[in-house]
Each structure stands twice: as C-alpha cells, then as structure tokens.
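Quick look at coords.pdb (PDB, C-alpha atoms and all ligand atoms):
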```pdb
ATOM      1  CA  ALA A 270      18.828 -17.693  11.617
ATOM      2  CA  THR A 271      20.020 -16.685  15.077
ATOM      3  CA  PRO A 272      17.614 -14.850  17.371
ATOM      4  CA  LEU A 273      19.856 -11.789  17.097
ATOM      5  CA  SER A 274      19.846 -11.652  13.291
ATOM      6  CA  ILE A 275      16.076 -12.130  13.325
ATOM      7  CA  MET A 276      15.725  -9.258  15.788
ATOM      8  CA  VAL A 277      17.922  -7.041  13.637
ATOM      9  CA  GLY A 278      16.003  -7.965  10.480
ATOM     10  CA  THR A 279      12.613  -7.408  12.110
ATOM     11  CA  GLY A 280      13.787  -4.068  13.480
ATOM     12  CA  LYS A 281      15.049  -2.873  10.114
ATOM     13  CA  GLY A 282      11.754  -3.944   8.584
ATOM     14  CA  ALA A 283       9.773  -1.953  11.136
ATOM     15  CA  GLN A 284      11.878   1.122  10.370
ATOM     16  CA  ALA A 285      10.994   0.708   6.684
ATOM     17  CA  GLY A 286       7.276   0.311   7.464
ATOM     18  CA  ILE A 287       7.272  -3.477   7.076
ATOM     19  CA  LEU A 288       5.821  -5.348  10.033
ATOM     20  CA  ILE A 289       7.045  -8.944  10.086
ATOM     21  CA  ARG A 290       4.966 -11.088  12.404
ATOM     22  CA  SER A 291       7.212 -14.128  12.799
ATOM     23  CA  ALA A 292      10.801 -15.309  12.510
ATOM     24  CA  GLU A 293       9.527 -17.928  10.089
ATOM     25  CA  ALA A 294       8.180 -15.306   7.684
ATOM     26  CA  LEU A 295      11.506 -13.452   7.680
ATOM     27  CA  GLU A 296      13.320 -16.751   7.089
ATOM     28  CA  THR A 297      10.990 -17.928   4.308
ATOM     29  CA  ALA A 298      10.796 -14.702   2.291
ATOM     30  CA  HIS A 299      14.276 -15.202   0.807
ATOM     31  CA  LYS A 300      13.097 -18.459  -0.789
ATOM     32  CA  LEU A 301      10.157 -16.928  -2.669
ATOM     33  CA  ASP A 302      10.376 -17.580  -6.406
ATOM     34  CA  THR A 303       6.817 -16.468  -7.219
ATOM     35  CA  VAL A 304       4.857 -13.447  -6.029
ATOM     36  CA  VAL A 305       1.111 -13.296  -6.648
ATOM     37  CA  LEU A 306      -0.476  -9.847  -6.615
ATOM     38  CA  ASP A 307      -4.171  -9.162  -6.140
ATOM     39  CA  LYS A 308      -5.256  -6.485  -8.655
ATOM     40  CA  THR A 309      -7.797  -4.176  -7.035
ATOM     41  CA  GLY A 310      -6.347  -2.292  -4.066
ATOM     42  CA  THR A 311      -2.964  -3.972  -4.384
ATOM     43  CA  VAL A 312      -1.634  -3.170  -7.876
ATOM     44  CA  THR A 313      -4.244  -0.396  -8.213
ATOM     45  CA  GLU A 314      -5.338   2.233  -5.693
ATOM     46  CA  GLY A 315      -8.626   0.427  -5.160
ATOM     47  CA  LYS A 316     -10.566   3.692  -5.429
ATOM     48  CA  PRO A 317     -12.438   3.242  -8.690
ATOM     49  CA  VAL A 318     -14.245   6.137 -10.323
ATOM     50  CA  LEU A 319     -17.181   6.071 -12.752
ATOM     51  CA  THR A 320     -15.928   7.443 -16.081
ATOM     52  CA  ASP A 321     -18.583   6.605 -18.662
ATOM     53  CA  ILE A 322     -22.277   5.737 -19.069
ATOM     54  CA  ARG A 323     -23.591   4.125 -22.263
ATOM     55  CA  PRO A 324     -27.349   3.610 -21.991
ATOM     56  CA  ALA A 325     -29.114   1.236 -24.377
ATOM     57  CA  ALA A 326     -32.045   2.514 -26.463
ATOM     58  CA  GLY A 327     -34.934   3.545 -24.234
ATOM     59  CA  PHE A 328     -32.743   4.689 -21.330
ATOM     60  CA  GLY A 329     -31.135   8.030 -20.484
ATOM     61  CA  ALA A 330     -27.732   8.238 -18.816
ATOM     62  CA  ASP A 331     -29.135   9.771 -15.606
ATOM     63  CA  GLY A 332     -32.052   7.362 -15.424
ATOM     64  CA  LEU A 333     -29.779   4.371 -15.882
ATOM     65  CA  LEU A 334     -27.276   5.646 -13.310
ATOM     66  CA  ALA A 335     -30.069   6.218 -10.763
ATOM     67  CA  LEU A 336     -31.419   2.674 -11.234
ATOM     68  CA  VAL A 337     -28.006   1.018 -10.977
ATOM     69  CA  ALA A 338     -26.968   3.190  -8.006
ATOM     70  CA  ALA A 339     -30.176   2.149  -6.237
ATOM     71  CA  ALA A 340     -29.398  -1.520  -6.866
ATOM     72  CA  GLU A 341     -25.771  -1.060  -5.687
ATOM     73  CA  ALA A 342     -26.608   0.987  -2.566
ATOM     74  CA  ASP A 343     -26.238  -1.965  -0.171
ATOM     75  CA  SER A 344     -23.170  -3.495  -1.854
ATOM     76  CA  GLU A 345     -19.759  -3.080  -0.216
ATOM     77  CA  HIS A 346     -17.864  -3.666  -3.461
ATOM     78  CA  PRO A 347     -15.611  -0.740  -4.517
ATOM     79  CA  LEU A 348     -17.402  -0.679  -7.894
ATOM     80  CA  ALA A 349     -20.683  -0.092  -6.068
ATOM     81  CA  THR A 350     -19.123   2.719  -4.043
ATOM     82  CA  ALA A 351     -17.964   4.395  -7.274
ATOM     83  CA  ILE A 352     -21.412   4.147  -8.858
ATOM     84  CA  VAL A 353     -23.277   5.420  -5.785
ATOM     85  CA  ALA A 354     -20.803   8.313  -5.420
ATOM     86  CA  ALA A 355     -21.299   9.303  -9.081
ATOM     87  CA  ALA A 356     -25.089   9.369  -8.680
ATOM     88  CA  ARG A 357     -24.757  11.516  -5.568
ATOM     89  CA  GLN A 358     -22.333  13.853  -7.315
ATOM     90  CA  SER A 359     -24.793  14.306 -10.173
ATOM     91  CA  ARG A 360     -27.469  15.045  -7.521
ATOM     92  CA  LEU A 361     -29.722  12.332  -8.880
ATOM     93  CA  THR A 362     -32.684  11.101  -6.892
ATOM     94  CA  VAL A 363     -31.777   7.508  -6.128
ATOM     95  CA  PRO A 364     -34.830   5.353  -5.307
ATOM     96  CA  VAL A 365     -34.708   2.970  -2.355
ATOM     97  CA  ALA A 366     -34.320  -0.599  -3.618
ATOM     98  CA  SER A 367     -35.821  -3.734  -2.103
ATOM     99  CA  GLY A 368     -34.867  -7.390  -2.327
ATOM    100  CA  PHE A 369     -31.153  -6.625  -2.629
ATOM    101  CA  ASP A 370     -28.982  -9.636  -3.308
ATOM    102  CA  SER A 371     -25.272  -9.741  -4.028
ATOM    103  CA  ILE A 372     -23.962 -12.429  -6.340
ATOM    104  CA  THR A 373     -20.397 -12.988  -5.179
ATOM    105  CA  GLY A 374     -17.779 -12.296  -7.836
ATOM    106  CA  LYS A 375     -20.413 -11.257 -10.359
ATOM    107  CA  GLY A 376     -22.613  -8.352  -9.269
ATOM    108  CA  VAL A 377     -25.929  -7.443  -7.663
ATOM    109  CA  GLN A 378     -29.650  -7.679  -8.178
ATOM    110  CA  ALA A 379     -32.486  -5.686  -6.611
ATOM    111  CA  THR A 380     -35.972  -4.382  -7.256
ATOM    112  CA  VAL A 381     -36.077  -0.644  -7.927
ATOM    113  CA  ASP A 382     -39.421   1.128  -8.371
ATOM    114  CA  GLY A 383     -40.995  -2.224  -9.189
ATOM    115  CA  ARG A 384     -38.363  -3.047 -11.801
ATOM    116  CA  ALA A 385     -35.872  -5.912 -11.651
ATOM    117  CA  VAL A 386     -32.349  -4.462 -11.907
ATOM    118  CA  LEU A 387     -29.261  -6.592 -12.473
ATOM    119  CA  ALA A 388     -25.743  -5.055 -12.560
ATOM    120  CA  GLY A 389     -22.385  -6.730 -12.936
ATOM    121  CA  THR A 390     -20.313  -8.840 -15.298
ATOM    122  CA  ALA A 391     -21.271  -9.924 -18.816
ATOM    123  CA  ARG A 392     -21.392 -13.451 -17.408
ATOM    124  CA  LEU A 393     -23.950 -12.431 -14.762
ATOM    125  CA  LEU A 394     -26.328 -11.272 -17.491
ATOM    126  CA  ALA A 395     -25.553 -14.240 -19.746
ATOM    127  CA  ASP A 396     -26.211 -16.645 -16.842
ATOM    128  CA  VAL A 397     -29.862 -15.588 -16.794
ATOM    129  CA  GLY A 398     -30.183 -15.578 -20.583
ATOM    130  CA  ILE A 399     -30.097 -11.832 -21.189
ATOM    131  CA  HIS A 400     -28.762 -10.918 -24.626
ATOM    132  CA  THR A 401     -26.259  -8.071 -24.372
ATOM    133  CA  GLY A 402     -25.923  -7.502 -28.142
ATOM    134  CA  GLU A 403     -23.844  -4.446 -28.997
ATOM    135  CA  LEU A 404     -23.295  -3.701 -25.299
ATOM    136  CA  THR A 405     -20.842  -6.598 -25.351
ATOM    137  CA  LEU A 406     -18.641  -4.709 -27.802
ATOM    138  CA  ILE A 407     -18.836  -1.494 -25.776
ATOM    139  CA  ALA A 408     -17.915  -3.437 -22.632
ATOM    140  CA  GLU A 409     -14.938  -5.022 -24.401
ATOM    141  CA  GLU A 410     -13.753  -1.596 -25.547
ATOM    142  CA  PHE A 411     -13.732  -0.363 -21.952
ATOM    143  CA  SER A 412     -11.945  -3.520 -20.799
ATOM    144  CA  THR A 413      -9.236  -3.159 -23.416
ATOM    145  CA  GLN A 414      -8.494   0.252 -21.873
ATOM    146  CA  GLY A 415      -8.138  -1.299 -18.414
ATOM    147  CA  MET A 416     -11.553  -0.165 -17.155
ATOM    148  CA  THR A 417     -14.098  -2.509 -15.575
ATOM    149  CA  PRO A 418     -17.451  -2.543 -17.359
ATOM    150  CA  VAL A 419     -20.605  -2.903 -15.266
ATOM    151  CA  LEU A 420     -23.403  -4.206 -17.465
ATOM    152  CA  ALA A 421     -26.962  -3.434 -16.433
ATOM    153  CA  ALA A 422     -30.264  -5.113 -17.233
ATOM    154  CA  VAL A 423     -33.745  -3.909 -16.357
ATOM    155  CA  ASP A 424     -36.683  -6.335 -16.378
ATOM    156  CA  GLY A 425     -34.659  -8.927 -18.267
ATOM    157  CA  ARG A 426     -33.482  -6.569 -21.001
ATOM    158  CA  ALA A 427     -29.958  -5.126 -21.459
ATOM    159  CA  ALA A 428     -30.082  -1.483 -20.338
ATOM    160  CA  GLY A 429     -26.527  -0.194 -20.705
ATOM    161  CA  VAL A 430     -22.894  -0.288 -19.642
ATOM    162  CA  LEU A 431     -21.124   1.812 -17.004
ATOM    163  CA  ALA A 432     -17.322   2.062 -17.094
ATOM    164  CA  VAL A 433     -15.337   2.219 -13.881
ATOM    165  CA  ALA A 434     -11.632   3.082 -13.839
ATOM    166  CA  ASP A 435      -9.106   2.428 -11.079
ATOM    167  CA  THR A 436      -5.671   4.071 -11.167
ATOM    168  CA  VAL A 437      -2.516   2.004 -10.956
ATOM    169  CA  LYS A 438      -0.424   2.934  -7.874
ATOM    170  CA  ASP A 439       2.523   5.232  -8.621
ATOM    171  CA  ASP A 440       5.265   2.741  -7.914
ATOM    172  CA  SER A 441       3.597  -0.574  -8.871
ATOM    173  CA  ALA A 442       5.464  -0.865 -12.197
ATOM    174  CA  GLN A 443       8.802  -0.023 -10.568
ATOM    175  CA  ALA A 444       8.300  -2.538  -7.754
ATOM    176  CA  ILE A 445       7.288  -5.267 -10.199
ATOM    177  CA  ALA A 446      10.392  -4.589 -12.322
ATOM    178  CA  ALA A 447      12.518  -4.871  -9.164
ATOM    179  CA  LEU A 448      10.892  -8.204  -8.241
ATOM    180  CA  ARG A 449      11.641  -9.576 -11.678
ATOM    181  CA  GLN A 450      15.218  -8.370 -11.348
ATOM    182  CA  LEU A 451      15.438 -10.465  -8.169
ATOM    183  CA  GLY A 452      14.519 -13.451 -10.359
ATOM    184  CA  ILE A 453      10.946 -13.690  -9.094
ATOM    185  CA  ASP A 454       7.973 -14.618 -11.298
ATOM    186  CA  VAL A 455       5.145 -12.137 -10.836
ATOM    187  CA  VAL A 456       1.515 -13.213 -11.305
ATOM    188  CA  MET A 457      -1.640 -11.077 -11.048
ATOM    189  CA  LEU A 458      -4.765 -12.665  -9.532
ATOM    190  CA  THR A 459      -8.212 -11.097  -9.817
ATOM    191  CA  GLY A 460     -11.931 -11.669  -9.966
ATOM    192  CA  ASP A 461     -12.163  -9.081 -12.707
ATOM    193  CA  ASN A 462     -12.547 -10.056 -16.363
ATOM    194  CA  ALA A 463      -9.517 -11.283 -18.336
ATOM    195  CA  ARG A 464      -9.468  -8.377 -20.787
ATOM    196  CA  THR A 465      -9.391  -5.665 -18.100
ATOM    197  CA  ALA A 466      -6.880  -7.651 -16.049
ATOM    198  CA  THR A 467      -4.574  -8.115 -19.044
ATOM    199  CA  ALA A 468      -4.684  -4.376 -19.819
ATOM    200  CA  ILE A 469      -3.735  -3.459 -16.232
ATOM    201  CA  ALA A 470      -1.047  -6.163 -16.187
ATOM    202  CA  ALA A 471       0.479  -4.713 -19.370
ATOM    203  CA  GLN A 472       0.592  -1.256 -17.738
ATOM    204  CA  VAL A 473       2.710  -2.579 -14.862
ATOM    205  CA  GLY A 474       4.790  -5.203 -16.663
ATOM    206  CA  VAL A 475       3.153  -8.413 -15.428
ATOM    207  CA  ASP A 476       2.915 -11.150 -18.040
ATOM    208  CA  ARG A 477       1.035 -13.882 -16.181
ATOM    209  CA  VAL A 478      -2.605 -13.171 -15.302
ATOM    210  CA  LEU A 479      -5.124 -15.350 -13.477
ATOM    211  CA  ALA A 480      -8.473 -13.593 -14.064
ATOM    212  CA  GLU A 481     -12.146 -14.289 -13.346
ATOM    213  CA  VAL A 482     -11.149 -16.195 -10.216
ATOM    214  CA  LEU A 483     -14.043 -16.350  -7.766
ATOM    215  CA  PRO A 484     -13.149 -15.271  -4.196
ATOM    216  CA  GLU A 485     -13.440 -18.817  -2.838
ATOM    217  CA  HIS A 486     -10.968 -20.052  -5.469
ATOM    218  CA  LYS A 487      -8.136 -17.569  -4.862
ATOM    219  CA  ALA A 488      -6.481 -19.846  -2.274
ATOM    220  CA  ASP A 489      -6.759 -22.814  -4.687
ATOM    221  CA  GLU A 490      -4.695 -20.875  -7.233
ATOM    222  CA  ILE A 491      -1.962 -20.362  -4.603
ATOM    223  CA  ARG A 492      -1.955 -24.080  -3.776
ATOM    224  CA  ARG A 493      -1.842 -24.936  -7.489
ATOM    225  CA  LEU A 494       1.312 -22.806  -7.920
ATOM    226  CA  GLN A 495       2.822 -24.469  -4.827
ATOM    227  CA  GLY A 496       1.972 -27.805  -6.461
ATOM    228  CA  GLU A 497       4.270 -26.783  -9.323
ATOM    229  CA  GLY A 498       7.072 -26.733  -6.736
ATOM    230  CA  ARG A 499       7.030 -22.963  -6.293
ATOM    231  CA  THR A 500       7.507 -21.018  -3.069
ATOM    232  CA  VAL A 501       4.757 -18.444  -3.244
ATOM    233  CA  GLY A 502       4.272 -14.986  -1.731
ATOM    234  CA  MET A 503       0.793 -13.487  -1.927
ATOM    235  CA  VAL A 504       0.066  -9.765  -1.647
ATOM    236  CA  GLY A 505      -3.507  -8.636  -1.046
ATOM    237  CA  ASP A 506      -5.754  -6.160   0.703
ATOM    238  CA  GLY A 507      -9.302  -7.497   0.680
ATOM    239  CA  ILE A 508     -11.484  -9.801   2.766
ATOM    240  CA  ASN A 509     -11.530 -11.980  -0.372
ATOM    241  CA  ASP A 510      -7.754 -12.308  -0.219
ATOM    242  CA  ALA A 511      -7.528 -13.611   3.366
ATOM    243  CA  PRO A 512      -7.640 -17.370   2.541
ATOM    244  CA  ALA A 513      -5.019 -16.895  -0.204
ATOM    245  CA  LEU A 514      -2.791 -14.870   2.150
ATOM    246  CA  ALA A 515      -3.019 -17.687   4.704
ATOM    247  CA  ALA A 516      -2.331 -20.382   2.078
ATOM    248  CA  ALA A 517       0.795 -18.649   0.718
ATOM    249  CA  ASP A 518       4.288 -19.440   2.046
ATOM    250  CA  VAL A 519       4.440 -15.761   2.963
ATOM    251  CA  GLY A 520       1.284 -13.619   2.990
ATOM    252  CA  LEU A 521       1.818  -9.862   2.738
ATOM    253  CA  ALA A 522      -1.102  -7.531   3.480
ATOM    254  CA  ILE A 523      -1.484  -3.989   2.241
ATOM    255  CA  GLY A 524      -1.593  -1.882   5.431
ATOM    256  CA  THR A 525      -4.349   0.343   4.090
ATOM    257  CA  GLY A 526      -6.480  -2.739   3.372
ATOM    258  CA  THR A 527      -9.001  -4.633   5.466
ATOM    259  CA  ASP A 528      -8.278  -5.910   9.000
ATOM    260  CA  VAL A 529      -9.219  -9.408   7.882
ATOM    261  CA  ALA A 530      -6.409  -9.433   5.302
ATOM    262  CA  ILE A 531      -3.903  -8.039   7.823
ATOM    263  CA  GLU A 532      -4.813 -10.726  10.374
ATOM    264  CA  ALA A 533      -4.395 -13.497   7.785
ATOM    265  CA  ALA A 534      -0.974 -12.256   6.643
ATOM    266  CA  ASP A 535       2.573 -12.784   7.972
ATOM    267  CA  VAL A 536       3.749  -9.337   6.925
ATOM    268  CA  THR A 537       2.020  -5.947   6.805
ATOM    269  CA  LEU A 538       3.187  -3.274   4.360
ATOM    270  CA  ILE A 539       2.218  -0.129   6.234
ATOM    271  CA  SER A 540       2.469   2.328   3.344
ATOM    272  CA  GLY A 541       0.459   0.045   1.077
ATOM    273  CA  SER A 542       3.008   0.368  -1.697
ATOM    274  CA  LEU A 543       4.342  -2.679  -3.549
ATOM    275  CA  SER A 544       7.925  -1.541  -3.074
ATOM    276  CA  GLY A 545       7.509  -2.917   0.463
ATOM    277  CA  VAL A 546       7.437  -6.424  -1.012
ATOM    278  CA  VAL A 547      10.835  -5.832  -2.615
ATOM    279  CA  THR A 548      12.261  -4.460   0.625
ATOM    280  CA  ALA A 549      10.901  -7.416   2.623
ATOM    281  CA  ILE A 550      12.513  -9.957   0.289
ATOM    282  CA  ARG A 551      15.834  -8.080   0.226
ATOM    283  CA  LEU A 552      15.766  -7.902   4.018
ATOM    284  CA  SER A 553      15.151 -11.635   4.275
ATOM    285  CA  ARG A 554      17.961 -12.390   1.838
ATOM    286  CA  ALA A 555      20.353 -10.174   3.820
ATOM    287  CA  THR A 556      19.298 -11.761   7.115
ATOM    288  CA  MET A 557      19.815 -15.284   5.813
ATOM    289  CA  ARG A 558      23.171 -14.387   4.212
ATOM    290  CA  ASN A 559      24.507 -13.074   7.510
ATOM    291  CA  ILE A 560      23.930 -16.305   9.351
ATOM    292  CA  ARG A 561      25.494 -18.683   6.892
TER
HETATM  293  P1  LIG A 601     -12.337  -8.089  -7.686
HETATM  294  O1  LIG A 601     -12.521  -7.353  -6.394
HETATM  295  O2  LIG A 601     -10.935  -8.619  -7.862
HETATM  296  O3  LIG A 601     -12.826  -7.340  -8.875
HETATM  297  P2  LIG A 601     -14.645  -9.764  -7.092
HETATM  298  O4  LIG A 601     -14.681 -11.251  -6.979
HETATM  299  O5  LIG A 601     -15.073  -8.957  -5.935
HETATM  300  O6  LIG A 601     -13.181  -9.447  -7.584
HETATM  301  O7  LIG A 601     -15.566  -9.367  -8.318
HETATM  302  C1  LIG A 601     -15.361  -9.910  -9.606
HETATM  303  C2  LIG A 601     -16.081  -9.078 -10.632
HETATM  304  O8  LIG A 601     -17.506  -9.168 -10.412
HETATM  305  C3  LIG A 601     -15.781  -7.595 -10.536
HETATM  306  O9  LIG A 601     -14.617  -7.248 -11.239
HETATM  307  C4  LIG A 601     -17.029  -7.010 -11.181
HETATM  308  O10 LIG A 601     -16.920  -7.069 -12.586
HETATM  309  C5  LIG A 601     -18.130  -7.943 -10.711
HETATM  310  N1  LIG A 601     -18.771  -7.415  -9.493
HETATM  311  C6  LIG A 601     -18.612  -7.848  -8.227
HETATM  312  N2  LIG A 601     -19.367  -7.141  -7.375
HETATM  313  C7  LIG A 601     -20.015  -6.206  -8.116
HETATM  314  C8  LIG A 601     -20.946  -5.154  -7.828
HETATM  315  N3  LIG A 601     -21.374  -4.894  -6.601
HETATM  316  N4  LIG A 601     -21.388  -4.414  -8.867
HETATM  317  C9  LIG A 601     -20.979  -4.651 -10.132
HETATM  318  N5  LIG A 601     -20.107  -5.611 -10.466
HETATM  319  C10 LIG A 601     -19.635  -6.390  -9.480
HETATM  320 MG    MG A 602      -8.203  -6.198  -3.694
END
```
Translate this file's structure into structure tokens.
Ligand code: ADP
Ligand code: MG
Amino acid sequence: ATPLSIMVGTGKGAQAGILIRSAEALETAHKLDTVVLDKTGTVTEGKPVLTDIRPAAGFGADGLLALVAAAEADSEHPLATAIVAAARQSRLTVPVASGFDSITGKGVQATVDGRAVLAGTARLLADVGIHTGELTLIAEEFSTQGMTPVLAAVDGRAAGVLAVADTVKDDSAQAIAALRQLGIDVVMLTGDNARTATAIAAQVGVDRVLAEVLPEHKADEIRRLQGEGRTVGMVGDGINDAPALAAADVGLAIGTGTDVAIEAADVTLISGSLSGVVTAIRLSRATMRNIR
C-alpha cells in the first residue's frame, strides 16, 4: 500500500479506538482467514465471581472457603481473586498460608494452619492421586453451565468444589458472527477445561475450541494453524497470551489487558471489545482495495 493509504487507514483506526503499530499489520490483516480468541478476558469480561460452594462431608462452606482463600491469597490468577474477594465479602477470617506454590495452568498449593491445601483443576488433584469421587460429577455440572470448577483437597483428601463464573462480554457473540460473515474461521483457545470452554463457545457461536492448553503451548497452537496454511490473527489480554500474540500473523491485544500482551501485539483494541477485531479487518480490506 502507498504511504498515504497507510496513513489514512491508521488514522481511521485510531479514531475507532484501534491502534495499529505498523504498516505491515494493516497490510496483513486483510489476509487473515483464521482468528484465534483467548477465552478469559477476551471473549469474557475476565472478572470471575464465586457463585457456589459444595463442601465434601466433614467440611462447612465457610471453613472450606477460608482454607482455599488462604491458599489462593498469593496467586495472581483471576480465579484466585474471585475466591479471595468472596471470603472477604463473607467476612471470614482467612488464615495466613505458608509454602505457597503455584502450579502453572493447574492451580495452587499451600500449607494453611498446618494442613496441606490444594486447589485447582480435576487434573491437578488426579496428578497426585487424590480421588475426587462424586465431586467430579458436581464439577462437570458446573462446567456444562460454562462455570469453572475449582476442586479443593485438604491433607490429600477431596474437600469440595467451588464454582466460578465469568460473564461473556456484551458484544462478543455479535463480533464473532460478523467475523464468520467475513469468511473467517473463529477458534477459541484456553487453559480452562474442555467442558467449560465448549459451553462458553456455544454461547458466543464458536465451533472450534482448543482447551486445556498450557500457557507455554499457546504459541505452538498458533504455529500449528499456520502450518495448515492459514493466516492467523490472535486476540488476547493476558501475560500468558504474549508469545501467541507475537507468533500470530497479526496479534491484537485487548486494551484493558496486561501491558505485556499490548507490547507483544501489532494492534491494540482500546475499548477491549471484540468488535474492534472486525473493524480492524474491514479497515485493512478497504486500505488494500484502494491501492490496487
Ligand atoms: P486460563 O487463564 O485460560 O484459564 P490458565 O493456564 O491460567 O488458563 O489456567 C488453566 C486452568 O488452571 C484454569 O482454568 C483453572 O481451572 C486452573 N487454575 C489456574 N490457576 C489457578 C488458581 N490460582 N486457582 C485455581 N485454579 C487455577
Ligand atoms: Mg485471558
């Protein structure tokens, strides 16, 4: 494209709240045939809220919440924030944990009042040989409704399930429909479990889901799609998404997300809404049409 048409395109983008960092990004966006969306904070608001507590026999709801909140206190994961906020809101006394350790993509462990607390995915508990029994069914029920279950174990025994819900952004479904109308394949990519991811995907009209992807493997999934001959856009907000944003042909960061994601991306969507992706691609198509 000519320098003038690039300038015009970039300017129009800025007016629409879309910051395009390079001429190359504006020129490449019209070729995208696949757009990969991170789930948490991109398709959803990324402000999860604790909605349910199902203690196992021998635990009370408050006692379980206090133990898990203590274990999660030093975690930066949005799920942890939701759990700690719920404990505070219920005015529970949350003990100070020691020996905190975060298990990337799976959960946390810590010692609370001399007890070993583990909180996270069903796989995290299974990995250390804890039998979740009927809690597995409860967790699956929550997942089917699009909530993320946090399973807890205390001293090697299953102690309960907490359910955390994250709202889908107002215009996610509309933006995804518009992308598909432009002939673009839309894929959702997440570290969350497949059942929850599939439920959220159904709510917004996405039919291809890559779930249970560990943070360090998100970029591999982008390269795998490129290996299929696709030109791939990636939209994300988190620190975890930065390598995938950099690997994509065009990386688009949610403006309300982390600085690390914004720095790794070619485009920033200031409002944080997915409709910005549609506008960016339309703008690129218009820019490239004008110069041919
Ligand atoms: P995402 O942010 O897409 O959910 P992550 O890789 O951060 O992906 O986490 C994957 C899954 O691991 C989460 O969906 C959650 O089930 C579990 N998990 C991660 N961190 C925590 C935590 N601090 N507490 C409980 N569960 C966690
Ligand atoms: Mg995210």
>> Can you pull out the residues contacting Ser367 of chain A? Cut-off 7 Å, using only C-alpha atoms, and skip same-chain residues under 6 positions away; I want them as a list in words.
In response: Ala379, Thr380 and Val381 of chain A
> What residues have any atom no more than 9 Å from ligand LIG 601 (chain A) when counting only C-alpha atoms and all ligand atoms, and can you list them as JSON, numbers by chain?
Replying inline: {"A": [307, 308, 309, 310, 315, 337, 340, 341, 342, 343, 344, 345, 346, 347, 348, 349, 350, 352, 371, 372, 373, 374, 375, 376, 377, 378, 387, 388, 389, 390, 391, 393, 417, 418, 419, 420, 421, 458, 459, 460, 461, 462, 465, 480, 481, 482, 483, 484, 485, 507, 509]}
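The space separating atom CA of Ala534 of chain A from atom CA of Ala446 of chain A comes to 23.4 Å.
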> So what do you get for atom CA of Leu333 of chain A versus atom CA of Ile508 of chain A, distance-wise?
Replying inline: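 Spanning atom CA of Leu333 of chain A to atom CA of Ile508 of chain A is a straight-line distance of 29.7 Å.
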Report as a compact mmCIF listing (two decimals) with C-alpha atoms, keeping the file's coordinate frame all protein, DNA and RNA residues lying within 12 Å of Gly498 of chain A, evaluated on all atoms listed in the file, omitting residues in the same chain fewer than 3 positions from it.
```
# COMPACT_ATOMS: atom_id res chain seq x y z
CA LYS A 300 13.10 -18.46 -0.79
CA LEU A 301 10.16 -16.93 -2.67
CA ASP A 302 10.38 -17.58 -6.41
CA THR A 303 6.82 -16.47 -7.22
CA ILE A 491 -1.96 -20.36 -4.60
CA ARG A 492 -1.96 -24.08 -3.78
CA ARG A 493 -1.84 -24.94 -7.49
CA LEU A 494 1.31 -22.81 -7.92
CA GLN A 495 2.82 -24.47 -4.83
CA VAL A 501 4.76 -18.44 -3.24
CA ASP A 518 4.29 -19.44 2.05
```
The PyMOL selection byres (((chain A and resi 415) around 6) and not hetatm) resolved against shown file, as a tab-separated table (two decimals) with C-alpha atoms, in the frame of the given file:
```
chain	number	residue	atom	x	y	z
A	412	SER	CA	-11.94	-3.52	-20.80
A	413	THR	CA	-9.24	-3.16	-23.42
A	414	GLN	CA	-8.49	0.25	-21.87
A	416	MET	CA	-11.55	-0.16	-17.16
A	465	THR	CA	-9.39	-5.66	-18.10
A	468	ALA	CA	-4.68	-4.38	-19.82
A	469	ILE	CA	-3.74	-3.46	-16.23
```
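Of the residues listed (A:Gln472, A:Thr311, A:Thr401, A:Thr556), A:Thr311 shows the shortest atom-to-atom separation from Ser544 of chain A; distances use only C-alpha atoms.
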> Ser542 of chain A: which residues within 8 Å, counting all atoms listed in the file, same-chain residues fewer than 4 positions away excluded, as a PyMOL selection string?
Replying inline: chain A and resi 311+438+440-441+523+538
Would you mind exporting segment 415-438 of chain A with C-alpha atoms, as an mmCIF file, in the first residue's frame?
```
data_model
loop_
_atom_site.group_PDB
_atom_site.id
_atom_site.type_symbol
_atom_site.label_atom_id
_atom_site.label_comp_id
_atom_site.auth_asym_id
_atom_site.auth_seq_id
_atom_site.Cartn_x
_atom_site.Cartn_y
_atom_site.Cartn_z
ATOM 1 C CA GLY A 415 -19.948 -22.533 31.498
ATOM 2 C CA MET A 416 -18.560 -22.074 35.019
ATOM 3 C CA THR A 417 -15.020 -23.032 36.028
ATOM 4 C CA PRO A 418 -14.873 -25.516 38.898
ATOM 5 C CA VAL A 419 -12.065 -25.175 41.438
ATOM 6 C CA LEU A 420 -11.571 -28.501 43.185
ATOM 7 C CA ALA A 421 -10.039 -28.464 46.647
ATOM 8 C CA ALA A 422 -8.193 -31.107 48.641
ATOM 9 C CA VAL A 423 -7.076 -30.920 52.253
ATOM 10 C CA ASP A 424 -4.374 -33.270 53.556
ATOM 11 C CA GLY A 425 -4.683 -35.486 50.494
ATOM 12 C CA ARG A 426 -8.459 -35.848 50.669
ATOM 13 C CA ALA A 427 -11.055 -34.219 48.362
ATOM 14 C CA ALA A 428 -12.662 -31.367 50.318
ATOM 15 C CA GLY A 429 -15.109 -29.745 47.906
ATOM 16 C CA VAL A 430 -15.748 -27.787 44.729
ATOM 17 C CA LEU A 431 -16.084 -24.022 44.272
ATOM 18 C CA ALA A 432 -17.766 -22.690 41.121
ATOM 19 C CA VAL A 433 -16.537 -19.506 39.496
ATOM 20 C CA ALA A 434 -18.496 -17.763 36.739
ATOM 21 C CA ASP A 435 -17.240 -15.198 34.236
ATOM 22 C CA THR A 436 -19.690 -13.206 32.108
ATOM 23 C CA VAL A 437 -19.410 -13.159 28.340
ATOM 24 C CA LYS A 438 -18.814 -9.606 27.014
#
```
